[in-house]
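Visitor: Just my_file.txt, nothing more (compact mmCIF, C-alpha atoms):
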```
# COMPACT_ATOMS: atom_id res chain seq x y z
CA MET A 543 -83.52 16.13 19.95
CA SER A 544 -85.43 17.27 22.99
CA THR A 545 -88.07 15.62 25.09
CA ALA A 546 -91.71 16.34 24.53
CA SER A 547 -92.17 18.69 27.46
CA THR A 548 -90.28 21.38 25.57
CA SER A 549 -92.99 21.46 22.95
CA GLY A 550 -95.94 20.57 25.14
CA THR A 551 -98.50 22.81 26.75
CA ALA A 552 -96.53 25.95 26.04
CA ASN A 553 -97.19 25.61 22.32
CA ASP A 554 -100.51 23.74 22.29
CA PRO A 555 -103.51 25.91 21.40
CA ARG A 556 -105.82 23.38 23.03
CA CYS A 557 -104.54 24.23 26.51
CA GLY A 558 -106.59 26.90 28.25
CA CYS A 559 -104.20 27.22 31.18
CA ALA A 560 -102.44 30.60 31.15
CA GLU A 561 -99.81 29.29 33.54
CA GLY A 562 -99.20 26.26 31.35
CA SER A 563 -98.62 28.49 28.32
CA ARG A 564 -95.66 30.04 30.16
CA LEU A 565 -94.42 26.76 31.59
CA THR A 566 -91.41 25.95 29.42
CA SER A 567 -89.58 29.28 29.23
CA ARG A 568 -90.23 30.37 32.80
CA ARG A 569 -89.39 26.92 34.14
CA THR A 570 -85.98 27.05 32.51
CA VAL A 571 -85.15 30.50 33.88
CA LEU A 572 -86.57 29.77 37.34
CA ARG A 573 -84.63 26.57 37.75
CA ALA A 574 -81.34 28.09 36.65
CA ALA A 575 -81.76 31.00 39.03
CA LEU A 576 -82.79 28.83 41.97
CA ALA A 577 -79.93 26.39 41.45
CA ALA A 578 -77.34 29.14 41.30
CA ALA A 579 -78.73 31.13 44.21
CA ALA A 580 -79.36 28.19 46.50
CA THR A 581 -76.29 26.05 45.99
CA GLY A 582 -73.54 28.17 44.45
CA VAL A 583 -72.85 25.34 41.99
CA THR A 584 -70.42 25.98 39.17
CA THR A 585 -71.94 24.85 35.86
CA TYR A 586 -69.91 24.56 32.68
CA ALA A 587 -71.82 24.29 29.39
CA VAL A 588 -70.81 23.89 25.77
CA GLY A 589 -73.38 23.58 23.00
CA ASP A 590 -76.23 21.39 24.21
CA VAL A 591 -74.36 19.84 27.15
CA SER A 592 -74.01 20.88 30.77
CA THR A 593 -72.34 19.24 33.72
CA GLN A 594 -72.09 19.99 37.40
CA VAL A 595 -69.05 18.94 39.33
CA SER A 596 -68.18 17.85 42.86
CA PHE A 597 -66.57 14.85 44.49
CA ALA A 598 -68.30 11.90 46.17
CA ALA A 599 -67.44 8.42 47.44
CA PRO A 600 -68.28 5.41 45.26
CA GLY A 601 -71.62 3.87 46.17
CA TRP A 602 -73.36 2.37 43.13
CA ASN A 603 -74.88 -1.09 43.44
CA GLY A 604 -75.76 -1.47 39.74
CA GLU A 605 -79.40 -0.34 39.92
CA THR A 606 -80.63 2.52 37.73
CA LEU A 607 -83.66 4.62 38.63
CA VAL A 608 -85.37 6.22 35.64
CA VAL A 609 -87.64 9.15 36.53
CA LEU A 610 -90.09 10.04 33.77
CA SER A 611 -91.81 13.33 34.60
CA LEU A 612 -95.26 13.68 33.02
CA HIS A 613 -95.33 17.46 33.25
CA GLY A 614 -98.54 19.39 32.81
CA GLY A 615 -100.75 17.37 35.15
CA PHE A 616 -101.23 13.74 34.11
CA ASP A 617 -104.78 12.43 34.58
CA GLY A 618 -104.23 9.11 36.31
CA LEU A 619 -107.99 8.49 36.36
CA SER A 620 -107.99 8.23 32.56
CA ALA A 621 -104.99 5.90 32.46
CA VAL A 622 -105.76 3.56 35.37
CA VAL A 623 -109.53 3.82 35.47
CA PRO A 624 -111.58 3.12 38.63
CA GLY A 625 -114.24 1.35 36.60
CA GLY A 626 -115.68 -0.24 39.73
CA ASP A 627 -116.44 3.16 41.27
CA GLY A 628 -119.76 4.40 39.93
CA ALA A 629 -118.97 7.98 40.91
CA TYR A 630 -116.30 8.04 38.17
CA TYR A 631 -118.93 7.66 35.44
CA ALA A 632 -121.30 10.13 37.06
CA ALA A 633 -118.54 12.76 37.17
CA ARG A 634 -117.43 12.27 33.55
CA PRO A 635 -120.52 11.78 31.40
CA THR A 636 -118.77 12.38 28.05
CA ILE A 637 -115.10 11.54 28.55
CA ALA A 638 -115.18 8.53 30.89
CA VAL A 639 -113.56 5.35 29.58
CA PRO A 640 -116.40 2.78 29.24
CA ARG A 641 -116.05 -0.18 31.57
CA SER A 642 -116.55 -2.56 28.64
CA THR A 643 -113.35 -1.27 26.98
CA LEU A 644 -111.06 -1.48 29.99
CA LEU A 645 -108.14 -3.86 29.97
CA GLY A 646 -109.00 -5.88 33.04
CA LEU A 647 -106.83 -5.56 36.11
CA ASP A 648 -109.17 -6.24 39.02
CA GLN A 649 -112.73 -5.53 40.18
CA MET A 650 -112.00 -1.86 40.78
CA PHE A 651 -109.40 -0.84 38.18
CA GLY A 652 -108.73 -1.32 34.49
CA LEU A 653 -106.28 0.19 32.01
CA HIS A 654 -107.25 2.53 29.21
CA PRO A 655 -107.20 0.41 26.02
CA ALA A 656 -104.42 2.62 24.59
CA MET A 657 -102.13 1.11 27.24
CA ALA A 658 -102.32 -2.38 25.69
CA PRO A 659 -98.52 -2.52 25.05
CA LEU A 660 -97.97 -2.64 28.82
CA VAL A 661 -100.39 -5.50 29.52
CA PRO A 662 -97.74 -8.23 28.99
CA PHE A 663 -95.58 -6.57 31.65
CA TRP A 664 -98.59 -6.38 33.97
CA LYS A 665 -99.16 -10.10 33.49
CA ASN A 666 -95.53 -11.04 34.14
CA GLY A 667 -95.41 -8.85 37.24
CA THR A 668 -92.99 -6.13 36.13
CA PHE A 669 -95.52 -3.32 35.63
CA GLY A 670 -97.49 -1.94 38.56
CA VAL A 671 -99.40 1.13 39.69
CA VAL A 672 -99.80 3.18 42.84
CA HIS A 673 -103.07 5.12 42.83
CA ALA A 674 -104.20 8.17 44.80
CA VAL A 675 -100.65 9.54 45.08
CA GLY A 676 -100.16 13.17 46.03
CA GLN A 677 -98.09 15.78 47.82
CA SER A 678 -98.31 16.73 51.49
CA ASP A 679 -99.02 20.38 50.67
CA PRO A 680 -101.01 20.28 47.42
CA THR A 681 -101.29 23.24 45.10
CA ARG A 682 -102.89 23.68 41.68
CA SER A 683 -100.05 25.87 40.40
CA HIS A 684 -97.82 24.10 37.86
CA PHE A 685 -94.75 26.04 38.96
CA ALA A 686 -95.25 25.66 42.70
CA ALA A 687 -96.22 21.99 42.46
CA MET A 688 -93.22 21.10 40.26
CA GLU A 689 -90.81 22.95 42.51
CA GLN A 690 -92.21 21.26 45.60
CA MET A 691 -92.10 17.81 44.03
CA GLU A 692 -88.58 18.13 42.66
CA THR A 693 -87.17 19.75 45.79
CA ALA A 694 -89.05 17.22 47.97
CA ALA A 695 -88.38 19.00 51.24
CA PRO A 696 -91.62 20.79 52.19
CA GLY A 697 -91.51 22.94 55.28
CA SER A 698 -87.71 23.14 55.27
CA SER A 699 -85.10 25.59 54.04
CA VAL A 700 -83.52 22.96 51.75
CA ARG A 701 -83.17 24.23 48.16
CA THR A 702 -81.30 21.37 46.50
CA GLY A 703 -83.22 18.77 44.50
CA TRP A 704 -83.95 15.26 45.72
CA ILE A 705 -81.97 13.64 42.88
CA ASP A 706 -78.95 15.77 43.76
CA ARG A 707 -79.21 14.66 47.37
CA THR A 708 -79.55 11.03 46.26
CA ILE A 709 -76.41 11.22 44.14
CA GLY A 710 -74.61 13.04 46.94
CA SER A 711 -75.31 10.21 49.37
CA LEU A 712 -74.88 7.23 47.00
CA GLY A 713 -72.75 8.70 44.24
CA THR A 714 -69.78 7.29 42.39
CA GLY A 715 -68.31 10.72 41.67
CA SER A 716 -68.91 10.24 37.95
CA VAL A 717 -70.68 12.96 35.98
CA LEU A 718 -72.66 10.10 34.42
CA GLY A 719 -74.07 9.20 37.84
CA ALA A 720 -77.15 11.29 37.10
CA VAL A 721 -78.07 12.06 33.50
CA GLY A 722 -80.90 14.26 32.30
CA ILE A 723 -81.96 13.72 28.69
CA SER A 724 -83.68 17.04 28.11
CA ASN A 725 -82.97 20.56 26.94
CA GLN A 726 -83.22 21.87 30.49
CA GLN A 727 -81.88 20.67 33.80
CA PRO A 728 -84.65 19.50 36.16
CA ARG A 729 -85.08 21.25 39.49
CA SER A 730 -84.44 17.88 41.16
CA PHE A 731 -80.83 18.16 39.89
CA ALA A 732 -80.17 21.46 41.68
CA GLY A 733 -77.13 21.15 43.95
CA PRO A 734 -73.46 20.22 43.99
CA ALA A 735 -73.48 16.48 43.20
CA PRO A 736 -72.05 15.35 39.80
CA LYS A 737 -74.60 15.23 37.00
CA THR A 738 -74.93 15.78 33.27
CA THR A 739 -77.78 17.11 31.15
CA THR A 740 -77.84 16.77 27.37
CA THR A 741 -80.44 16.87 24.64
CA SER A 742 -78.78 14.01 22.77
CA LEU A 743 -75.93 11.56 23.23
CA ASP A 744 -75.13 12.02 19.55
CA GLY A 745 -74.83 15.77 20.10
CA PHE A 746 -72.64 15.37 23.17
CA SER A 747 -69.70 17.29 21.74
CA LEU A 748 -68.10 20.70 21.50
CA ILE A 749 -69.31 23.17 18.94
CA GLY A 750 -66.53 24.19 16.57
CA PRO A 751 -65.33 24.02 12.96
CA GLY A 752 -64.84 20.54 11.57
CA ASP A 753 -64.79 17.37 13.63
CA ASP A 754 -61.29 17.54 15.12
CA ARG A 755 -62.35 16.55 18.65
CA PRO A 756 -58.87 15.69 19.97
CA THR A 757 -57.49 19.10 18.97
CA TRP A 758 -60.36 20.98 20.61
CA HIS A 759 -60.15 18.89 23.78
CA ALA A 760 -56.39 19.32 24.02
CA ALA A 761 -56.70 23.08 23.55
CA LEU A 762 -59.29 23.40 26.30
CA ARG A 763 -57.22 21.28 28.68
CA ARG A 764 -54.19 23.51 28.05
CA MET A 765 -56.31 26.63 28.65
CA HIS A 766 -57.22 25.36 32.12
CA THR A 767 -53.79 24.07 33.13
CA GLY A 768 -52.76 25.75 36.37
CA ALA A 769 -56.17 27.30 36.94
CA ARG A 770 -57.79 27.18 40.36
CA PRO A 771 -59.75 23.94 40.98
CA GLU A 772 -63.12 25.66 40.99
CA VAL A 773 -62.33 27.01 37.51
CA ALA A 774 -60.52 24.01 36.02
CA ALA A 775 -62.69 21.20 37.40
CA PRO A 776 -65.90 21.98 35.46
CA ALA A 777 -64.06 22.18 32.14
CA THR A 778 -61.87 19.12 32.57
CA THR A 779 -64.73 17.05 33.94
CA LEU A 780 -66.96 18.05 31.04
CA LEU A 781 -64.26 16.99 28.60
CA SER A 782 -63.87 13.65 30.38
CA ALA A 783 -67.62 13.11 30.27
CA MET A 784 -67.75 13.76 26.52
CA GLU A 785 -64.87 11.36 25.99
CA ASP A 786 -66.63 8.72 28.10
CA VAL A 787 -69.90 9.12 26.19
CA ALA A 788 -68.07 8.88 22.86
CA LYS A 789 -66.76 5.47 23.94
CA LEU A 790 -70.11 4.08 25.13
CA PRO A 791 -70.66 0.66 23.56
CA GLY A 792 -73.81 0.19 21.49
CA ARG A 793 -74.41 3.89 20.90
CA THR A 794 -75.08 3.34 17.19
CA ALA A 795 -76.27 -0.26 17.32
CA GLY A 796 -79.98 0.48 17.48
CA PRO A 797 -82.62 -1.09 19.73
CA ALA A 798 -82.21 -4.74 20.72
CA ASN A 799 -84.61 -7.66 21.04
CA GLY A 800 -86.98 -6.37 18.37
CA ALA A 801 -87.90 -3.26 20.36
CA ALA A 802 -89.80 -0.71 18.28
CA TYR A 803 -89.81 2.80 19.74
CA PRO A 804 -92.35 5.34 18.47
CA ASP A 805 -90.82 7.95 16.17
CA SER A 806 -91.16 10.73 18.71
CA ASP A 807 -89.15 12.75 21.20
CA LEU A 808 -90.15 10.39 23.99
CA GLY A 809 -89.21 7.33 21.96
CA ARG A 810 -85.80 8.78 21.11
CA ALA A 811 -85.14 9.86 24.70
CA LEU A 812 -85.97 6.41 26.10
CA ALA A 813 -83.86 4.76 23.39
CA GLN A 814 -80.88 6.86 24.55
CA ALA A 815 -81.64 6.00 28.17
CA ALA A 816 -81.46 2.33 27.18
CA VAL A 817 -78.06 2.90 25.52
CA LEU A 818 -76.75 4.47 28.72
CA LYS A 819 -78.05 1.66 30.88
CA LYS A 820 -76.83 -1.16 28.62
CA SER A 821 -73.38 0.43 28.29
CA GLY A 822 -72.45 -0.47 31.85
CA ALA A 823 -71.66 3.15 32.73
CA PRO A 824 -72.32 3.93 36.43
CA VAL A 825 -75.65 5.62 35.72
CA GLN A 826 -77.65 5.77 38.94
CA VAL A 827 -80.47 8.09 37.88
CA ILE A 828 -81.80 9.05 34.44
CA ALA A 829 -84.33 11.89 34.28
CA LEU A 830 -86.63 12.54 31.32
CA ASP A 831 -89.62 14.79 30.59
CA TYR A 832 -92.77 14.04 28.64
CA GLY A 833 -95.17 16.98 28.72
CA ASP A 834 -98.42 18.07 27.07
CA TRP A 835 -100.79 16.63 29.70
CA ASP A 836 -102.56 19.91 30.57
CA MET A 837 -105.91 18.90 29.07
CA HIS A 838 -108.30 21.64 30.11
CA ALA A 839 -110.31 21.17 26.92
CA GLY A 840 -110.83 18.47 24.29
CA LEU A 841 -109.44 15.50 26.19
CA GLY A 842 -111.25 13.21 23.78
CA ARG A 843 -113.06 9.92 24.01
CA VAL A 844 -111.79 6.38 24.29
CA ASP A 845 -111.78 5.84 20.53
CA GLY A 846 -109.68 8.90 19.68
CA GLY A 847 -108.36 12.27 20.77
CA TRP A 848 -105.70 13.92 22.85
CA MET A 849 -105.61 11.52 25.81
CA ARG A 850 -105.76 8.39 23.71
CA ASP A 851 -102.92 9.64 21.50
CA LYS A 852 -100.74 10.51 24.49
CA LEU A 853 -101.33 7.20 26.26
CA THR A 854 -100.64 5.30 23.04
CA GLU A 855 -97.26 6.99 22.65
CA LEU A 856 -96.39 6.67 26.34
CA SER A 857 -97.27 2.97 26.54
CA SER A 858 -95.55 2.06 23.27
CA ALA A 859 -92.38 3.87 24.31
CA LEU A 860 -92.30 2.26 27.77
CA ALA A 861 -92.85 -1.21 26.33
CA ALA A 862 -90.06 -0.67 23.79
CA PHE A 863 -87.72 0.54 26.53
CA ALA A 864 -88.32 -2.53 28.67
CA THR A 865 -87.86 -4.83 25.68
CA ASP A 866 -84.71 -3.06 24.48
CA LEU A 867 -83.01 -3.37 27.87
CA GLY A 868 -83.00 -7.17 27.82
CA SER A 869 -81.12 -8.48 30.86
CA ALA A 870 -80.48 -4.88 32.03
CA PHE A 871 -84.21 -4.58 32.71
CA GLY A 872 -83.62 -6.58 35.90
CA SER A 873 -81.58 -3.74 37.42
CA THR A 874 -83.76 -0.88 36.18
CA THR A 875 -86.77 0.75 37.85
CA LEU A 876 -88.77 3.37 35.96
CA VAL A 877 -91.18 5.59 37.88
CA THR A 878 -93.53 8.22 36.45
CA LEU A 879 -94.24 11.42 38.38
CA SER A 880 -96.52 14.37 37.66
CA GLU A 881 -96.93 17.56 39.64
CA PHE A 882 -100.63 16.88 40.27
CA GLY A 883 -103.61 14.98 38.90
CA ARG A 884 -106.81 16.35 37.41
CA ARG A 885 -110.26 17.12 38.84
CA VAL A 886 -112.61 14.17 39.13
CA GLY A 887 -115.42 15.96 37.28
CA GLU A 888 -115.09 17.01 33.64
CA ASN A 889 -115.60 20.67 32.76
CA ALA A 890 -117.83 22.26 30.14
CA SER A 891 -115.04 22.07 27.53
CA GLY A 892 -114.72 18.32 27.64
CA GLY A 893 -111.53 18.54 29.64
CA LEU A 894 -110.26 18.46 33.21
CA ASP A 895 -108.91 21.22 35.40
CA HIS A 896 -106.01 20.95 37.87
CA GLY A 897 -106.54 18.48 40.71
CA HIS A 898 -104.61 16.50 43.29
CA GLY A 899 -104.45 12.69 43.65
CA ASN A 900 -102.85 10.81 40.79
CA ALA A 901 -101.51 7.48 39.53
CA VAL A 902 -97.80 6.59 39.53
CA LEU A 903 -96.64 3.93 37.05
CA LEU A 904 -93.74 1.60 37.85
CA LEU A 905 -91.90 -0.58 35.37
CA GLY A 906 -88.83 -2.72 36.05
CA GLY A 907 -87.36 -6.05 36.94
CA GLY A 908 -87.76 -5.46 40.68
CA VAL A 909 -91.29 -4.07 40.55
CA VAL A 910 -94.04 -5.91 42.40
CA GLY A 911 -96.39 -5.62 39.47
CA GLY A 912 -99.71 -7.04 38.42
CA ARG A 913 -101.55 -4.98 41.01
CA VAL A 914 -102.63 -1.48 42.00
CA HIS A 915 -100.97 -0.44 45.25
CA GLY A 916 -102.04 2.18 47.75
CA VAL A 917 -105.22 3.06 49.64
CA TRP A 918 -108.10 3.86 47.33
CA PRO A 919 -110.21 6.62 48.98
CA GLY A 920 -113.15 6.43 46.59
CA LEU A 921 -114.75 9.09 44.44
CA GLY A 922 -117.96 9.70 46.34
CA ALA A 923 -118.65 13.34 47.14
CA ASP A 924 -117.84 12.78 50.81
CA ARG A 925 -114.49 11.21 49.91
CA LEU A 926 -113.18 14.00 47.69
CA VAL A 927 -110.93 16.85 48.78
CA ASP A 928 -112.35 20.04 47.29
CA GLY A 929 -113.53 18.08 44.27
CA ASP A 930 -110.27 16.18 43.84
CA LEU A 931 -109.17 12.61 44.32
CA ALA A 932 -107.52 12.50 47.75
CA GLY A 933 -103.79 11.84 47.90
CA THR A 934 -103.61 8.94 50.35
CA THR A 935 -99.98 8.07 49.50
CA ASP A 936 -97.18 10.62 49.53
CA TYR A 937 -95.09 10.26 46.37
CA ARG A 938 -91.95 10.21 48.52
CA SER A 939 -93.08 6.84 49.90
CA VAL A 940 -92.89 5.38 46.40
CA ILE A 941 -89.54 6.92 45.49
CA GLY A 942 -88.11 6.27 48.94
CA GLU A 943 -88.92 2.56 48.76
CA VAL A 944 -87.21 2.28 45.38
CA LEU A 945 -84.15 4.10 46.70
CA GLN A 946 -83.88 1.89 49.76
CA LYS A 947 -84.77 -1.52 48.36
CA ARG A 948 -83.29 -1.19 44.90
CA CYS A 949 -80.66 1.57 44.92
CA GLY A 950 -78.96 0.87 48.23
CA ALA A 951 -79.99 3.95 50.20
CA GLY A 952 -79.99 3.67 53.96
CA SER A 953 -81.85 6.30 55.93
CA LEU A 954 -83.91 8.67 53.81
CA GLY A 955 -83.41 11.56 56.22
CA THR A 956 -80.92 13.34 53.98
CA ILE A 957 -82.81 12.71 50.75
CA PHE A 958 -86.29 13.54 52.09
CA PRO A 959 -85.77 15.76 55.16
CA GLY A 960 -88.47 15.32 57.78
CA PHE A 961 -90.33 12.59 55.92
CA GLY A 962 -91.30 9.42 57.76
CA GLY A 963 -93.50 7.48 55.34
CA SER A 964 -93.74 3.71 55.28
CA PRO A 965 -92.98 1.41 52.32
CA LEU A 966 -95.92 0.08 50.30
CA GLY A 967 -94.36 -3.08 48.92
CA VAL A 968 -94.08 -1.72 45.38
CA VAL A 969 -90.61 -3.22 44.71
CA ARG A 970 -88.59 -6.19 45.87
CA ALA A 971 -85.24 -5.81 47.59
CA ARG A 972 -82.15 -6.54 45.50
```
For this file, produce the structure as structure tokens.

Guide:
Amino acid sequence: MSTASTSGTANDPRCGCAEGSRLTSRRTVLRAALAAAATGVTTYAVGDVSTQVSFAAPGWNGETLVVLSLHGGFDGLSAVVPGGDGAYYAARPTIAVPRSTLLGLDQMFGLHPAMAPLVPFWKNGTFGVVHAVGQSDPTRSHFAAMEQMETAAPGSSVRTGWIDRTIGSLGTGSVLGAVGISNQQPRSFAGPAPKTTTTSLDGFSLIGPGDDRPTWHAALRRMHTGARPEVAAPATTLLSAMEDVAKLPGRTAGPANGAAYPDSDLGRALAQAAVLKKSGAPVQVIALDYGDWDMHAGLGRVDGGWMRDKLTELSSALAAFATDLGSAFGSTTLVTLSEFGRRVGENASGGLDHGHGNAVLLLGGGVVGGRVHGVWPGLGADRLVDGDLAGTTDYRSVIGEVLQKRCGAGSLGTIFPGFGGSPLGVVRAR
């Protein structure tokens, strides 16, 4: 199993973005090289599992942050539609979502009808949105924008990722403190704090003949007996992590509370994230990818097409995840991030080119939902930034508020060097 970003824009003939077609393979190589060069981290990998090892003081308060990266450039204007802004319809004569079809939120915004599975969470106040979110130094390059967002330290020499710095400051020392469910480690993981990346909990095992796990584990432990700590620690910690995952309760029980995940990579990844959360393991951050948002051509109309299909899968998977968690939903906050939004105006191919401002979705028991947060700049020509929706809220304000109010972070100076944004009121304090 792998998340959808591994088979997204890089393999989709509909994408006209040359950079996007190289996104998956180059991203993997770039991240590995940057992590090794910048941090000197020792990584030990067997099969489809990798862990990074260091030591940290316990600091988990029970909250889990789930970061769902919508790689490729998510069009927030198609998902959370500014139906009350006439300039939206003027800019998108063929692909705009008709106002009459919007799932009503308020006088300005409505949801794309494909997002109907999330409406109950909107109504009960656990699903919310921040619109016009961007980066302080915007770029239309996939690679540069993703690196900037996942490093989250613009203008500095810091090369570790913001999730690594979060785990370093709040961590329990467990390699399950930060878990990536993907076939590649996100740039936000780069650095020395403990973390694990795997494509599947079921595949979290050594590759070898037969299924004699105890024998293989014992042999590897003997091989590293007496070795220097920097050599022995990655191997022994990896073995401990695999043993811990094998003992996770509910791993084969299936979704709870009638949750029905879509039969897709995203559905399977979120189902595994739910298993981790419900197990009681000290999982502070779970990172997942869901790609294929680079819709330069053929975005489609409200009644069918690429965007509708993607939003249907995304919304169904998120609703199933929230339902599956049950009582654990109260200590979970899921946030979506994308490297940039799309242009306000559609292009001649019925698609959208790379833009700036975007929508961030939040789902969780502590979310102040049922509303669209942030400062809406408008879509009039005099309000755009080079044809793009302005980014009036820095994405670090959203993440930083979750970290402080929900995850127990104090000062954000270490996690987001040099950033001084103010909270928006998107989550309640624990």

Visitor: If I take atom CA of A:Asp679 and atom CA of A:Pro696, how far is one from the other in Å, to one decimal?

Guide: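 Computing the Euclidean distance for atom CA of A:Asp679 and atom CA of A:Pro696 yields 7.6 Å.
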
Visitor: Could you tell me which of A:Thr934, A:Thr643, A:Thr865, A:Ser873 comes closest to A:Ala813 if we count all atoms listed in the file?

Guide: A:Thr865

Visitor: Counting only C-alpha atoms, which residue out of A:Leu743, A:Ile709, A:Val661, A:Ile828 sits closest to A:Thr606?

Guide: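 Nearest to A:Thr606: A:Ile828.
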
Visitor: From the options A:Gly796, A:Gly604, A:Gly822, A:Pro728, which residue's atoms come nearest to A:Met688, counting all atoms listed in the file?

Guide: A:Pro728

Visitor: Set the distance at 6 Å and use only C-alpha atoms: which residues neighbour A:Thr693 once local chain neighbours fewer than 5 positions away are removed? I'd like the list as a ChimeraX atom specification.

Guide: /A:703-704,730

Visitor: Atom CA of A:Arg701 and atom CA of A:Leu612 are how many Å apart?

Guide: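 Interatomic distance here is 22.1 Å.
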
Visitor: Quote the spacing between atom CA of A:Trp664 and atom CA of A:Val877 in Å to one decimal place.

Guide: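 Calculated distance between atom CA of A:Trp664 and atom CA of A:Val877 is 14.6 Å.
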
Visitor: Residues within 10 Å of (-67.8, 3.1, 33.3), file coordinates, counting only C-alpha atoms: what are they? Give the list as a PyMOL selection string.

Guide: chain A and resi 716+718-719+786-787+789-790+821-825
